[in-house]
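The next block is structure34.cif, given as mmCIF, C-alpha atoms.
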data_entry
#
loop_
_atom_site.label_atom_id
_atom_site.label_comp_id
_atom_site.auth_asym_id
_atom_site.auth_seq_id
_atom_site.Cartn_x
_atom_site.Cartn_y
_atom_site.Cartn_z
CA MET W 1 -128.69 201.12 44.20
CA LYS W 2 -126.63 198.30 42.72
CA THR W 3 -128.13 195.48 40.71
CA GLY W 4 -127.18 191.89 41.43
CA ILE W 5 -128.19 188.46 40.23
CA PHE W 6 -129.22 185.85 42.80
CA CYS W 7 -127.97 182.36 41.92
CA ASN W 8 -129.67 179.20 43.18
CA TYR W 9 -128.28 176.80 40.57
CA ASP W 10 -131.82 175.63 39.87
CA ASN W 11 -132.10 172.12 38.45
CA HIS W 12 -135.29 172.75 36.46
CA HIS W 13 -134.74 169.90 34.01
CA GLN W 14 -133.24 167.20 36.27
CA ASN W 15 -129.88 167.55 34.57
CA ALA W 16 -127.15 168.66 36.95
CA HIS W 17 -124.54 169.50 34.30
CA ARG W 18 -127.05 171.57 32.34
CA ALA W 19 -128.23 173.37 35.48
CA ILE W 20 -124.72 174.39 36.50
CA PHE W 21 -123.79 175.80 33.12
CA GLU W 22 -127.13 177.52 32.55
CA GLN W 23 -126.46 179.41 35.78
CA VAL W 24 -123.00 180.33 34.52
CA THR W 25 -124.61 181.64 31.32
CA LEU W 26 -126.94 183.88 33.34
CA ILE W 27 -124.09 185.23 35.47
CA LYS W 28 -121.95 186.01 32.43
CA GLN W 29 -124.93 187.75 30.84
CA ALA W 30 -125.45 189.78 34.03
CA GLU W 31 -121.80 190.83 33.99
CA SER W 32 -122.01 191.84 30.32
CA LEU W 33 -125.07 193.98 31.17
CA GLY W 34 -123.13 195.79 33.88
CA PHE W 35 -124.68 194.15 36.91
CA GLU W 36 -122.42 194.83 39.88
CA GLU W 37 -122.90 191.67 41.96
CA ALA W 38 -123.65 187.92 41.69
CA TRP W 39 -124.84 186.20 44.88
CA VAL W 40 -124.63 182.39 45.19
CA SER W 41 -126.80 180.48 47.67
CA GLU W 42 -125.89 177.35 49.67
CA HIS W 43 -128.30 174.40 49.65
CA HIS W 44 -127.87 170.79 50.77
CA PHE W 45 -129.65 167.53 49.95
CA SER W 46 -131.75 169.32 47.34
CA GLU W 47 -132.45 167.92 43.88
CA SER W 48 -133.75 171.32 42.81
CA ASN W 49 -130.87 173.55 44.01
CA LEU W 50 -127.41 172.28 43.13
CA SER W 51 -125.16 174.51 45.22
CA PRO W 52 -124.02 172.46 48.24
CA SER W 53 -120.38 173.26 47.45
CA MET W 54 -120.96 176.98 47.09
CA LEU W 55 -117.35 178.07 47.43
CA VAL W 56 -116.24 175.59 44.75
CA LEU W 57 -118.84 177.08 42.40
CA MET W 58 -117.63 180.56 43.25
CA ALA W 59 -114.01 179.63 42.57
CA HIS W 60 -115.19 178.47 39.13
CA LEU W 61 -116.98 181.80 38.62
CA ALA W 62 -113.88 183.70 39.72
CA GLY W 63 -112.05 182.29 36.71
CA LEU W 64 -114.89 183.00 34.26
CA THR W 65 -115.66 186.61 35.25
CA SER W 66 -113.56 189.72 35.59
CA SER W 67 -115.58 192.62 36.99
CA ILE W 68 -118.75 191.44 38.74
CA LYS W 69 -118.41 191.06 42.51
CA LEU W 70 -119.09 187.56 43.85
CA GLY W 71 -121.12 187.15 47.04
CA THR W 72 -121.97 184.21 49.28
CA ALA W 73 -125.71 184.23 50.05
CA ALA W 74 -124.98 182.74 52.33
CA VAL W 75 -122.40 180.46 53.93
CA LEU W 76 -124.40 178.40 56.46
CA LEU W 77 -121.83 178.73 59.20
CA PRO W 78 -123.28 176.23 61.72
CA PHE W 79 -122.61 173.44 59.22
CA HIS W 80 -118.92 174.23 58.66
CA ASN W 81 -115.69 174.39 60.61
CA PRO W 82 -115.02 178.15 60.85
CA ILE W 83 -111.25 177.68 60.61
CA ARG W 84 -111.70 176.00 57.24
CA VAL W 85 -114.22 178.65 56.16
CA ALA W 86 -111.69 181.39 56.96
CA GLU W 87 -109.03 179.62 54.87
CA ASP W 88 -111.43 179.12 51.95
CA ILE W 89 -112.74 182.69 52.05
CA ALA W 90 -109.23 184.16 52.11
CA THR W 91 -108.17 181.93 49.21
CA LEU W 92 -111.31 182.79 47.22
CA ASP W 93 -110.75 186.52 47.72
CA ASN W 94 -107.33 186.10 46.13
CA LEU W 95 -108.73 184.02 43.26
CA CYS W 96 -111.30 186.66 42.34
CA ASN W 97 -108.85 189.55 42.71
CA GLY W 98 -110.60 191.10 45.71
CA ARG W 99 -114.16 190.89 44.34
CA LEU W 100 -115.53 188.79 47.21
CA LEU W 101 -118.56 189.69 49.35
CA PHE W 102 -119.07 187.44 52.38
CA GLY W 103 -122.64 186.69 53.40
CA VAL W 104 -123.43 184.36 56.31
CA ALA W 105 -126.56 182.73 57.72
CA LYS W 106 -127.70 180.09 60.19
CA GLY W 107 -129.69 177.98 57.68
CA GLY W 108 -133.31 176.86 57.70
CA PRO W 109 -136.06 175.82 57.67
CA PHE W 110 -134.53 172.57 56.36
CA PRO W 111 -134.59 169.91 59.11
CA GLN W 112 -132.40 167.48 57.15
CA GLN W 113 -129.54 169.97 57.17
CA ASN W 114 -129.58 170.35 60.95
CA LYS W 115 -129.94 166.60 61.42
CA HIS W 116 -127.12 165.50 59.14
CA PHE W 117 -124.74 168.28 60.11
CA ALA W 118 -125.37 167.45 63.77
CA THR W 119 -126.60 170.91 64.69
CA PRO W 120 -129.83 171.21 66.71
CA THR W 121 -132.00 174.04 65.42
CA ASN W 122 -131.72 175.99 68.67
CA GLU W 123 -127.92 176.00 68.31
CA SER W 124 -127.86 177.33 64.75
CA ARG W 125 -127.86 181.04 65.51
CA PRO W 126 -125.38 180.99 68.45
CA LYS W 127 -123.03 178.80 66.40
CA MET W 128 -123.29 181.21 63.46
CA LEU W 129 -122.46 184.22 65.62
CA GLU W 130 -119.56 182.51 67.37
CA ALA W 131 -118.16 181.16 64.10
CA MET W 132 -118.26 184.62 62.53
CA ALA W 133 -116.46 186.14 65.50
CA LEU W 134 -113.67 183.58 65.09
CA ILE W 135 -113.49 183.95 61.30
CA GLU W 136 -113.08 187.74 61.59
CA LYS W 137 -110.08 187.24 63.85
CA LEU W 138 -108.51 184.55 61.68
CA LEU W 139 -108.83 186.58 58.47
CA TYR W 140 -106.99 189.66 59.70
CA GLU W 141 -104.98 188.74 62.81
CA THR W 142 -102.08 186.44 63.61
CA ASN W 143 -101.53 184.07 66.55
CA VAL W 144 -105.25 183.90 67.23
CA SER W 145 -106.42 182.23 70.42
CA PHE W 146 -110.15 181.67 70.82
CA ASN W 147 -112.09 179.81 73.49
CA GLY W 148 -115.79 179.79 72.66
CA GLN W 149 -118.64 177.49 73.56
CA TYR W 150 -118.44 175.68 70.21
CA TYR W 151 -115.08 176.58 68.67
CA GLN W 152 -111.53 176.90 69.97
CA CYS W 153 -108.05 177.53 68.62
CA ASP W 154 -104.66 178.30 70.14
CA ARG W 155 -102.18 180.79 68.66
CA LEU W 156 -103.33 180.05 65.12
CA THR W 157 -102.47 181.97 61.95
CA ILE W 158 -104.07 181.12 58.62
CA TYR W 159 -102.54 181.60 55.18
CA PRO W 160 -103.13 183.17 52.73
CA LYS W 161 -104.60 186.36 54.06
CA PRO W 162 -107.39 188.00 52.01
CA LEU W 163 -106.45 190.32 49.17
CA GLN W 164 -108.95 192.93 50.39
CA GLN W 165 -107.98 194.87 53.46
CA LYS W 166 -111.50 194.13 54.75
CA ILE W 167 -113.93 191.78 53.02
CA PRO W 168 -117.48 193.21 53.24
CA VAL W 169 -119.68 191.03 55.50
CA TYR W 170 -123.45 190.56 55.22
CA VAL W 171 -125.63 188.78 57.77
CA ALA W 172 -128.93 187.17 56.78
CA THR W 173 -130.88 187.48 60.02
CA GLY W 174 -134.10 188.71 61.54
CA GLY W 175 -133.32 187.70 65.11
CA ASP W 176 -132.52 190.39 67.66
CA ASP W 177 -129.19 188.83 68.64
CA GLY W 178 -128.13 188.54 64.99
CA ILE W 179 -129.14 192.14 64.28
CA GLU W 180 -127.26 193.33 67.37
CA PHE W 181 -124.17 191.36 66.30
CA ALA W 182 -124.28 192.84 62.78
CA ALA W 183 -124.78 196.38 64.07
CA LYS W 184 -121.97 196.04 66.63
CA HIS W 185 -119.50 195.04 63.92
CA SER W 186 -120.96 197.34 61.21
CA PHE W 187 -121.75 194.29 59.08
CA SER W 188 -124.51 194.75 56.51
CA LEU W 189 -127.82 192.88 56.33
CA MET W 190 -129.48 190.60 53.78
CA GLY W 191 -133.15 189.78 53.19
CA GLY W 192 -134.52 186.77 51.31
CA PRO W 193 -137.39 186.56 48.79
CA PRO W 194 -140.14 185.38 51.20
CA PHE W 195 -139.49 188.03 53.88
CA SER W 196 -142.25 190.63 54.01
CA LEU W 197 -141.60 194.34 53.62
CA GLN W 198 -142.87 194.85 57.17
CA ARG W 199 -140.35 192.38 58.57
CA LEU W 200 -137.50 193.90 56.57
CA LYS W 201 -138.37 197.42 57.73
CA SER W 202 -138.45 196.22 61.33
CA THR W 203 -135.06 194.51 60.95
CA ILE W 204 -133.46 197.65 59.50
CA ALA W 205 -135.03 199.88 62.15
CA LYS W 206 -133.60 197.69 64.92
CA TYR W 207 -130.19 197.82 63.26
CA GLN W 208 -130.25 201.59 62.84
CA ALA W 209 -131.25 202.07 66.47
CA LEU W 210 -127.91 200.47 67.35
CA ASN W 211 -125.80 201.72 64.44
CA ALA W 212 -126.76 204.65 62.24
CA ARG W 213 -124.44 203.43 59.47
CA GLY W 214 -124.16 200.11 57.66
CA ALA W 215 -127.82 199.50 56.88
CA GLU W 216 -127.46 201.50 53.66
CA ASN W 217 -125.69 198.46 52.19
CA PHE W 218 -128.74 196.24 52.67
CA VAL W 219 -129.04 193.44 50.07
CA LEU W 220 -132.57 192.41 49.10
CA ALA W 221 -133.10 189.23 47.05
CA ARG W 222 -136.35 188.98 45.10
CA PHE W 223 -137.81 186.59 42.56
CA PHE W 224 -137.83 188.34 39.22
CA TYR W 225 -139.25 188.25 35.74
CA VAL W 226 -140.01 191.28 33.59
CA GLY W 227 -142.20 190.46 30.61
CA LYS W 228 -143.92 192.31 27.79
CA THR W 229 -147.20 192.09 29.74
CA ASN W 230 -148.18 191.30 33.32
CA ASP W 231 -149.97 188.13 32.22
CA GLU W 232 -146.93 186.91 30.33
CA ALA W 233 -144.63 187.59 33.28
CA VAL W 234 -146.85 185.83 35.83
CA SER W 235 -147.42 182.89 33.49
CA GLU W 236 -143.69 182.52 32.91
CA ALA W 237 -142.74 182.74 36.60
CA LEU W 238 -145.64 180.79 38.13
CA PRO W 239 -144.27 177.23 37.63
CA PHE W 240 -141.12 178.16 39.55
CA ILE W 241 -143.05 180.07 42.23
CA ARG W 242 -145.46 177.14 42.68
CA LYS W 243 -142.65 174.62 43.10
CA PHE W 244 -140.87 176.87 45.60
CA SER W 245 -144.09 177.45 47.53
CA GLN W 246 -144.84 173.74 47.81
CA LYS W 247 -141.29 172.89 48.92
CA MET W 248 -141.11 175.59 51.57
CA LYS W 249 -144.57 174.85 52.96
CA ALA W 250 -143.60 171.18 53.35
CA ASN W 251 -140.35 172.11 55.10
CA SER W 252 -142.15 174.57 57.37
CA ALA W 253 -144.77 171.98 58.32
CA GLU W 254 -142.00 169.58 59.28
CA VAL W 255 -140.30 172.25 61.35
CA MET W 256 -143.55 172.98 63.19
CA GLN W 257 -144.28 169.30 63.75
CA ASN W 258 -140.84 168.60 65.18
CA SER W 259 -140.51 171.80 67.18
CA ALA W 260 -139.76 171.33 70.85
CA ASN W 261 -141.18 174.80 71.49
CA PRO W 262 -144.96 174.59 72.16
CA ASN W 263 -145.21 178.35 71.60
CA GLN W 264 -143.75 178.16 68.09
CA LYS W 265 -145.98 180.21 65.79
CA ALA W 266 -146.87 179.41 62.23
CA PHE W 267 -145.58 181.70 59.51
CA ASP W 268 -147.83 184.66 58.77
CA ARG W 269 -147.99 187.29 56.05
CA THR W 270 -146.70 190.08 58.26
CA ASN W 271 -143.43 188.20 58.68
CA ILE W 272 -142.74 185.50 56.12
CA CYS W 273 -145.08 183.67 53.79
CA PHE W 274 -144.86 180.99 51.12
CA ASP W 275 -148.29 181.35 49.48
CA GLU W 276 -148.15 181.67 45.69
CA ASP W 277 -150.12 184.90 45.47
CA TYR W 278 -148.04 186.47 48.25
CA LEU W 279 -144.76 185.50 46.57
CA ILE W 280 -145.84 186.92 43.20
CA GLU W 281 -147.10 190.15 44.75
CA ASN W 282 -143.90 190.62 46.76
CA SER W 283 -141.57 189.74 43.89
CA ILE W 284 -140.35 191.82 40.95
CA ILE W 285 -142.65 190.08 38.49
CA GLY W 286 -144.71 191.91 35.87
CA ASP W 287 -144.47 194.17 32.86
CA VAL W 288 -141.94 197.00 32.66
CA GLU W 289 -144.11 199.55 34.45
CA THR W 290 -145.09 197.14 37.22
CA CYS W 291 -141.47 196.14 37.86
CA ARG W 292 -140.39 199.79 37.96
CA ASP W 293 -143.09 200.57 40.53
CA LYS W 294 -142.28 197.56 42.70
CA ILE W 295 -138.57 198.33 42.75
CA LYS W 296 -139.22 201.99 43.53
CA LYS W 297 -141.35 200.97 46.50
CA PHE W 298 -138.58 198.74 47.90
CA GLN W 299 -136.09 201.56 47.35
CA ASP W 300 -138.25 204.11 49.14
CA GLU W 301 -139.06 201.85 52.08
CA LEU W 302 -135.68 200.15 52.59
CA ASN W 303 -133.01 202.45 51.11
CA LEU W 304 -131.56 199.48 49.23
CA GLY W 305 -127.86 199.01 48.68
CA THR W 306 -128.33 196.09 46.26
CA LEU W 307 -131.35 194.50 44.63
CA ALA W 308 -130.42 190.89 43.83
CA LEU W 309 -132.70 189.56 41.10
CA LYS W 310 -133.54 185.83 41.01
CA PRO W 311 -134.62 184.96 37.43
CA SER W 312 -137.78 182.88 37.76
CA SER W 313 -138.55 181.32 34.40
CA LEU W 314 -137.78 177.64 33.87
CA ASP W 315 -136.38 178.58 30.43
CA VAL W 316 -132.85 179.98 30.42
CA GLN W 317 -133.44 181.88 27.16
CA LYS W 318 -136.51 183.58 28.65
CA ASN W 319 -134.44 184.56 31.69
CA LEU W 320 -131.74 186.03 29.45
CA GLU W 321 -134.39 188.08 27.64
CA SER W 322 -135.85 189.21 30.96
CA LEU W 323 -132.46 190.37 32.25
CA THR W 324 -131.87 192.30 29.02
CA ARG W 325 -135.33 193.90 29.19
CA TYR W 326 -134.64 194.93 32.79
CA ASN W 327 -131.38 196.54 31.71
CA GLN W 328 -132.92 198.37 28.76
CA GLU W 329 -136.31 199.41 30.12
CA VAL W 330 -136.32 199.24 33.93
CA ARG W 331 -132.88 199.89 35.38
CA ASN W 332 -132.40 203.50 34.29
CA TYR W 333 -135.81 204.44 35.70
CA VAL W 334 -135.24 203.17 39.24
CA PHE W 335 -131.86 204.63 40.16
#
If you took the structure in this file and wrote it as structure tokens, what would it be?
Amino acid sequence: MKTGIFCNYDNHHQNAHRAIFEQVTLIKQAESLGFEEAWVSEHHFSESNLSPSMLVLMAHLAGLTSSIKLGTAAVLLPFHNPIRVAEDIATLDNLCNGRLLFGVAKGGPFPQQNKHFATPTNESRPKMLEAMALIEKLLYETNVSFNGQYYQCDRLTIYPKPLQQKIPVYVATGGDDGIEFAAKHSFSLMGGPPFSLQRLKSTIAKYQALNARGAENFVLARFFYVGKTNDEAVSEALPFIRKFSQKMKANSAEVMQNSANPNQKAFDRTNICFDEDYLIENSIIGDVETCRDKIKKFQDELNLGTLALKPSSLDVQKNLESLTRYNQEVRNYVF
């Protein structure tokens, strides 16, 4: 199992410049500790997460790091022109000397994103799948012609081509059509912090029923803080968890209120949940022994390829200490 750091560019102190460079500090620390991967998220119109221009941030990281692989977690494809995404991804792979990992998603539940990027919610997943199909052709083929429902091109070749012969692709999805698409192309899967173990196991089982290989590269992101005691860890992570819980519950309520589907079901704990106690229980938060046990359970149940840790203190120094404690007292016990 590889260890990664999950990067949200959290603006804990309402200071954008500080937030960006505190995240850089955490990533450089992770690289110095031998973490294999750094995954950067994409968020829009968010005062608390300052990563709308994810690929710009990753180009910056490409120049500041040398060994850690850099992953998109994830490019929200419905909100971008896939031709431009293909050009940017190929360029970025060259900038980071072939260290790029390419994660994609449909986005949500953030109604403002769909509204202002002119993408109805029910079009998000089909647009993501069609965009990815076009991007794959553009990255590795020449004279590409494509005539989809949303995207078209005629005898198009992009330059530069990626440095890697094949950039690894990860799909953040729980939908049957997304799982089928990933399995068909032997793309890997990603799971976010609020997704329950039951949902993740179901997603992987559906994938493996279609493709026996590929799921072993599964990337799981989890909120993280390892402290000297359980009480210290929970106390340190709780302000972040509480803020995340409140934000996601508000977004989810808006999604439900505006849903055109009368059969839309509320989130539940067997699938995805934003309650504080649920998030803490399903995160890697606790003392050394607790974090070891939680990671081992995820390993046993999901056969993880990468565990991407999201540091969850509001204090960058505390997060640096937590990452170091993980490296010294947890990591060697869970491989």
Counting all atoms listed in the file, select every polymer residue within 7 Å of (-124.7, 186.0, 57.0) as defined in the file's coordinates, and provide the selection as a PDB file with C-alpha atoms, in the coordinates of the input.
ATOM      1  CA  ALA W  74    -124.980 182.740  52.330  1.00  0.00           C
ATOM      2  CA  VAL W  75    -122.400 180.460  53.930  1.00  0.00           C
ATOM      3  CA  GLY W 103    -122.640 186.690  53.400  1.00  0.00           C
ATOM      4  CA  VAL W 104    -123.430 184.360  56.310  1.00  0.00           C
ATOM      5  CA  ALA W 105    -126.560 182.730  57.720  1.00  0.00           C
ATOM      6  CA  TYR W 170    -123.450 190.560  55.220  1.00  0.00           C
ATOM      7  CA  VAL W 171    -125.630 188.780  57.770  1.00  0.00           C
ATOM      8  CA  ALA W 172    -128.930 187.170  56.780  1.00  0.00           C
TER       9      ALA W 172
END
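Those residues returned by the PyMOL selection byres ((chain W and resi 278-294) around 7) for this file are W:Pro194, W:Arg222, W:Phe223, W:Phe224, W:Tyr225, W:Val226, W:Gly227, W:Lys228, W:Thr229, W:Asn230, W:Ala233, W:Val234, W:Cys273, W:Phe274, W:Asp275, W:Glu276, W:Asp277, W:Ile295, W:Lys296, W:Lys297, W:Phe298, W:Glu329, W:Val330, W:Tyr333, W:Val334.
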Any idea what's packed within 10 Å of W:Gly34, counting only C-alpha atoms, ignoring anything in its chain fewer than 3 positions away? Could you give it as number ranges by chain? W: 2-4, 28-31, 37, 67-68, 327
Residues of stretch 101-184 of chain W that have any atom at most 12 Å from an atom of stretch 238-248 of chain W: could you tabulate them with the shortest-distance atom pair and the distance in Å to one decimal, using all atoms listed in the file, ordered by chain and increasing number, as JSON lines?
{"residue": "W:Gly108", "atom": "CA", "partner": "W:Met248", "partner_atom": "CA", "distance": 10.0}
{"residue": "W:Pro109", "atom": "CA", "partner": "W:Met248", "partner_atom": "CA", "distance": 7.9}
{"residue": "W:Phe110", "atom": "CA", "partner": "W:Met248", "partner_atom": "CA", "distance": 8.7}
{"residue": "W:Pro111", "atom": "CA", "partner": "W:Met248", "partner_atom": "CA", "distance": 11.5}
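Residues lying within 10 Å of W:Glu22, counting only C-alpha atoms and ignoring same-chain neighbours fewer than 6 positions away, are Tyr9, Asp10, Asn11, Ala16, Lys28, Asp315, Val316 and Gln317 of chain W.
By only C-alpha atoms, and with residues fewer than 3 positions from stretch 177-192 of chain W along its chain excluded, the set lying at most 7 Å from it is Val169, Tyr170, Val171, Ala172, Thr173, Gly174, Phe195, Leu200, Tyr207, Leu210, Asn211, Gly214, Ala215, Asn217, Phe218, Val219, Leu220, Ala221 and Arg222 of chain W.
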Which residues, written as a PyMOL selection string, have at least one atom at most 10 Å from stretch 82-91 of chain W, with only C-alpha atoms counted and residues fewer than 4 positions away on the same chain left out? chain W and resi 55-56+59+72+75+77-78+95-96+98+100-102+127-128+130-140+151-153+156-164+167
